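Structure first, then comments.
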Number of protein chains: 2
Amino acid sequence: MKNLLLVVLLISIGTGGIAQETVFPEGTKPASTNIPGADYPRIDSLSRVYFRFRAPEATSVSVSLGNVALTKGEDGFWTGIAKPQDPGFHYYSLKINGVEVADPLSETFYGASKVMSGIEIPERGVDFYDVKNVPHGEVRSFWYWSKTFGETRHAYIYTPPGYDRDKKKRYPVLYLQHGMGEDRRAWPNQGRTNFILDNLIAEGKAKPMIVVMEDGGIARGFGTPIRDKSGKILPRPEGQGPGRRGGQGQGPNFWDEFTETIITDIIPAIDEHFRTIPNRENRAIAGLSLGGTQTYQISQANLDKFANIGILSAPFGFPGVETGYNGLLAKPDEFNKQVKVFFISMGSKEGPNTGRTIHETLDKAGIHNVYFEAPGTAHEFQTWRKSLYHFAQLLFQN
Amino acid sequence: MKNLLLVVLLISIGTGGIAQETVFPEGTKPASTNIPGADYPRIDSLSRVYFRFRAPEATSVSVSLGNVALTKGEDGFWTGIAKPQDPGFHYYSLKINGVEVADPLSETFYGASKVMSGIEIPERGVDFYDVKNVPHGEVRSFWYWSKTFGETRHAYIYTPPGYDRDKKKRYPVLYLQHGMGEDRRAWPNQGRTNFILDNLIAEGKAKPMIVVMEDGGIARGFGTPIRDKSGKILPRPEGQGPGRRGGQGQGPNFWDEFTETIITDIIPAIDEHFRTIPNRENRAIAGLSLGGTQTYQISQANLDKFANIGILSAPFGFPGVETGYNGLLAKPDEFNKQVKVFFISMGSKEGPNTGRTIHETLDKAGIHNVYFEAPGTAHEFQTWRKSLYHFAQLLFQN
């Protein structure tokens, strides 16, 4: 990058440009997800979103958020207003002459298997994920060797406030999985996991815990393809994931590699490098959407490792009460003794199979479970932030 | 995001799509900066970069890297090859019908005051910034209260391997500043600071140290503008930064806020929360480009805080030997006694004023300094990675 050119350019432009004269629509504020200094997109008190974007040569510009076709002005700026949006974080993209791209004015997030723009719509009266002046934990980039993959892997680790102060204290651990088309960045960035935990811990509502956010291998939906040296995708050997129907919980080898690595590599690395309480009672696993499906798979095969389970908006993968969890779901007393927290959640705008039906099935079978339905939200992060907020308060309470 | 729709979609598409039939140009590999699974951009052994991008409705597509106009095929894909690129990290963008956007196939990085694509060109025989199977430090997101800004601030902190093991050991600290149009993410992401330090420490070439990477307030070049409630930019009160000519080292109040916060807020917070050796001999400050200019400003006003200084590719801000550093540059014996390391660097493709002239001026004035010139690179991260590699080996050696 030619920083020097920019220096010279900006010195000559200074701050005396057009920006100072701009008048913004009344009652609007730049979104908190804008890049530093960007005036658009803006949000008003009804949660409508205002776009303004310069593209004099383009012949069509639209925004996926609210599905708004922007209108071109004589000044080459395209403008438009998206209808009131649900609160929370939304992915969106621009379409410029038919090409879907990220909005250069917003921060980008990895979602839907690509680089997308994100926008944060404030929710009135809701501040449990805000940055407050409370003691803060850290989110650590942690690199460790994975025997399963034969490579150095990267996880995000939340350590609670005070972790570095009391050097003898040990902590329980929550393993928290993202959804399809996302990766390890989703929970810390889109989910605001660390601020949710910081605030809960400050209020004494959640036990201080470590949270491990790793890549579940579902960034492309069905695992990383096998390629030859030129990069050509090879057919998978018979019996090696990803299976085509695994998303419905029917394939035994859907995310075999990740299931293996979490047990063989990740948990031992975390227990070695962090001051954990390394037993099943003090270990939880949860995931959103396809990460919830993974959570079913991992937890039912490894109940000796996890006594706490959270399934957020996962319509696929419920193993059924007859045979699920190695037959334990058919023996509710035994299951209830072994599993301390079984948490099911969804957003009220999602279909009932995404959570409510599973909860009712479990209730009917005598399986203790806690159900949370986020009011008025869909298959998105506001549902999962609120789910985490409730789930975290149930964990490790004795 | 509608993950569920994607699940259904991908289940029906499976892995049996067109991708399996694609033949890639011989000897090319996907760039390591591609998003998971993206086949393009690709790089060949001559460091040429191959682009292939679907945009059937667009009428012009070009790439800033190598300034390549792509050609449209009948299949709606635009293709083109950029001439051999210098090794290392480069920002780039796509231009679609005149609109500059990030490439949806590459990871994005914050640079040039916007969201840009990044591409990593391998350098033959150079692996000092690669991920190796050595003990790894952590990069921590650290939040702390800033009195100067009246807000919670966020820094990236590198802690060396073993930091959590020997809980009595204390470490020296390097404060490392990014360039204009960048922010705290530049050194860990684009610069690969942590891997450079991990590898140096593993070879015993650098002392284990903490590295603090904070936002220098130059993401927009000249600090954050002051706005009224509607978001309108207000003129700055007289005497309050950012000054218009500060970039040339002539304005006294250019980055006053950041200079104040590093002394008043950041150093105390780091010394409180991390096991530092809190004295000037064990504290260094360095910066690239405009961050180097900041480093001049901060270090000459605070020599009681920093005994080690690194100036990477900073053509502006050298205070001059007559009056610089409160007159100390005119008293070389005194300066040489106080400053343990004074490091100047640039890339050989940069103009001599970016470093070499300053080094020669210092030499002539009898000021001890170490000069490094990165061979064959310009004003970009390969220069700064190599500068850090050399600078880090000089630091805290006794």
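By convention here, the chains of the structure tokens are called A, B, ... in the order presented, each chain's residues are numbered starting at 1, and ligands are numbered starting at 1 in the order presented.
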
Give me, as CSV, each residue of chain A that comes within 6 Å of chain B, together with its shortest interatomic pair and the distance in Å at one decimal, counting only C-alpha atoms, with rows ordered by chain and rising residue number.
residue,atom,partner,partner_atom,distance
A:Met1,CA,B:Glu380,CA,5.9
A:Gln20,CA,B:Ile233,CA,5.2
A:Ala55,CA,B:Val99,CA,5.4
A:Glu57,CA,B:Gly98,CA,5.5
A:Ala58,CA,B:Asn97,CA,5.3
A:Asn97,CA,B:Ala58,CA,5.3
A:Gly98,CA,B:Glu57,CA,5.5
A:Val99,CA,B:Ala55,CA,5.5
A:Val101,CA,B:Pro104,CA,5.9
A:Pro104,CA,B:Val115,CA,5.6
A:Val115,CA,B:Pro104,CA,5.6
A:Glu138,CA,B:Phe142,CA,5.4
A:Val139,CA,B:Ser141,CA,5.0
A:Arg140,CA,B:Arg140,CA,4.2
A:Ser141,CA,B:Val139,CA,5.0
A:Phe142,CA,B:Glu138,CA,5.4
A:Ile233,CA,B:Gln20,CA,5.2
A:Glu380,CA,B:Met1,CA,5.9

N, CA, C and O atoms of the current selection, written as a JSON list (two decimals), in the first residue's frame:
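Just written: selection00.json:
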[["chain", "number", "residue", "atom", "x", "y", "z"],
["A", 1, "MET", "N", 0.84, -1.20, 0.00],
["A", 1, "MET", "CA", 0.00, 0.00, 0.00],
["A", 1, "MET", "C", 0.87, 1.24, 0.00],
["A", 1, "MET", "O", 1.91, 1.28, 0.63],
["A", 20, "GLN", "N", -17.89, 17.87, 5.63],
["A", 20, "GLN", "CA", -18.33, 18.80, 6.66],
["A", 20, "GLN", "C", -19.70, 19.40, 6.35],
["A", 20, "GLN", "O", -20.40, 19.84, 7.25],
["A", 55, "ALA", "N", -21.29, 5.17, -6.66],
["A", 55, "ALA", "CA", -21.00, 4.24, -7.75],
["A", 55, "ALA", "C", -21.53, 4.84, -9.04],
["A", 55, "ALA", "O", -22.49, 4.35, -9.63],
["A", 57, "GLU", "N", -20.65, 4.79, -12.09],
["A", 57, "GLU", "CA", -20.67, 4.01, -13.32],
["A", 57, "GLU", "C", -21.57, 2.78, -13.26],
["A", 57, "GLU", "O", -21.79, 2.12, -14.27],
["A", 58, "ALA", "N", -22.03, 2.43, -12.07],
["A", 58, "ALA", "CA", -22.85, 1.23, -11.94],
["A", 58, "ALA", "C", -24.25, 1.49, -12.50],
["A", 58, "ALA", "O", -24.72, 2.63, -12.52],
["A", 97, "ASN", "N", -24.27, -4.33, -10.13],
["A", 97, "ASN", "CA", -24.40, -4.95, -11.46],
["A", 97, "ASN", "C", -24.37, -6.48, -11.37],
["A", 97, "ASN", "O", -23.61, -7.13, -12.08],
["A", 98, "GLY", "N", -25.16, -6.98, -10.45],
["A", 98, "GLY", "CA", -25.33, -8.42, -10.35],
["A", 98, "GLY", "C", -24.26, -9.15, -9.55],
["A", 98, "GLY", "O", -24.36, -10.35, -9.34],
["A", 99, "VAL", "N", -23.22, -8.43, -9.10],
["A", 99, "VAL", "CA", -22.13, -9.08, -8.37],
["A", 99, "VAL", "C", -22.29, -8.84, -6.88],
["A", 99, "VAL", "O", -22.39, -7.68, -6.44],
["A", 101, "VAL", "N", -21.06, -8.40, -3.31],
["A", 101, "VAL", "CA", -19.81, -8.03, -2.64],
["A", 101, "VAL", "C", -20.11, -7.45, -1.27],
["A", 101, "VAL", "O", -21.26, -7.11, -0.96],
["A", 104, "PRO", "N", -18.11, -1.66, 1.26],
["A", 104, "PRO", "CA", -16.81, -1.12, 1.71],
["A", 104, "PRO", "C", -16.92, -0.23, 2.95],
["A", 104, "PRO", "O", -15.90, 0.09, 3.55],
["A", 115, "VAL", "N", -16.94, -13.68, 2.65],
["A", 115, "VAL", "CA", -16.74, -12.42, 3.35],
["A", 115, "VAL", "C", -18.01, -11.58, 3.18],
["A", 115, "VAL", "O", -18.37, -11.22, 2.06],
["A", 138, "GLU", "N", -10.36, -11.77, 28.67],
["A", 138, "GLU", "CA", -9.60, -11.63, 27.43],
["A", 138, "GLU", "C", -10.14, -12.63, 26.41],
["A", 138, "GLU", "O", -10.69, -13.66, 26.77],
["A", 139, "VAL", "N", -9.95, -12.34, 25.13],
["A", 139, "VAL", "CA", -10.14, -13.35, 24.08],
["A", 139, "VAL", "C", -8.77, -13.60, 23.49],
["A", 139, "VAL", "O", -8.14, -12.68, 22.95],
["A", 140, "ARG", "N", -8.30, -14.83, 23.64],
["A", 140, "ARG", "CA", -6.93, -15.14, 23.26],
["A", 140, "ARG", "C", -6.89, -15.98, 21.99],
["A", 140, "ARG", "O", -7.60, -16.98, 21.88],
["A", 141, "SER", "N", -6.04, -15.59, 21.07],
["A", 141, "SER", "CA", -5.71, -16.45, 19.94],
["A", 141, "SER", "C", -4.71, -17.47, 20.44],
["A", 141, "SER", "O", -3.61, -17.11, 20.88],
["A", 142, "PHE", "N", -5.10, -18.72, 20.38],
["A", 142, "PHE", "CA", -4.30, -19.80, 20.97],
["A", 142, "PHE", "C", -3.95, -20.78, 19.85],
["A", 142, "PHE", "O", -4.84, -21.26, 19.14],
["A", 233, "ILE", "N", -10.47, -30.91, -7.03],
["A", 233, "ILE", "CA", -11.18, -31.64, -5.99],
["A", 233, "ILE", "C", -11.29, -33.11, -6.35],
["A", 233, "ILE", "O", -11.71, -33.46, -7.45],
["A", 380, "GLU", "N", -30.64, -16.29, 13.75],
["A", 380, "GLU", "CA", -29.56, -15.31, 13.69],
["A", 380, "GLU", "C", -29.00, -15.03, 15.07],
["A", 380, "GLU", "O", -29.48, -15.56, 16.07]]

Polymer residues at most 7 Å from Val49 of chain A, only C-alpha atoms, same-chain spacing of 4 or more positions, as a list in words
Pro41, Arg42, Ile43, Asp44, Ile81, Ala82 and Lys83 of chain A

What parts of segment 48-260 of chain A does DSSP call alpha helix (DSSP H)? I'd like the answer as a list in words.
Thr193, Asn194, Phe195, Ile196, Leu197, Asp198, Asn199, Leu200, Ile201, Ala202, Asp256, Glu257, Phe258, Thr259 and Glu260 of chain A

Residue set, segment 92-341 of chain A restricted to strand (DSSP E or B), as a PyMOL selection string
chain A and resi 92+94-96+99-101+106+108-111+114-121+138-146+151-159+171+173-177+210-213+227+233+276+283-288+308-312+341

Calculate how many Å separate atom CA of Trp187 of chain A from atom CA of Glu214 of chain B, rounding to one decimal.
22.5 Å

I'd like to know which of A:Ser62, A:Gln297, A:Asn279, A:Gln85 is closest to Arg48 of chain A, using only C-alpha atoms.
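Using only C-alpha atoms, the shortest distance to Arg48 of chain A belongs to A:Gln85.
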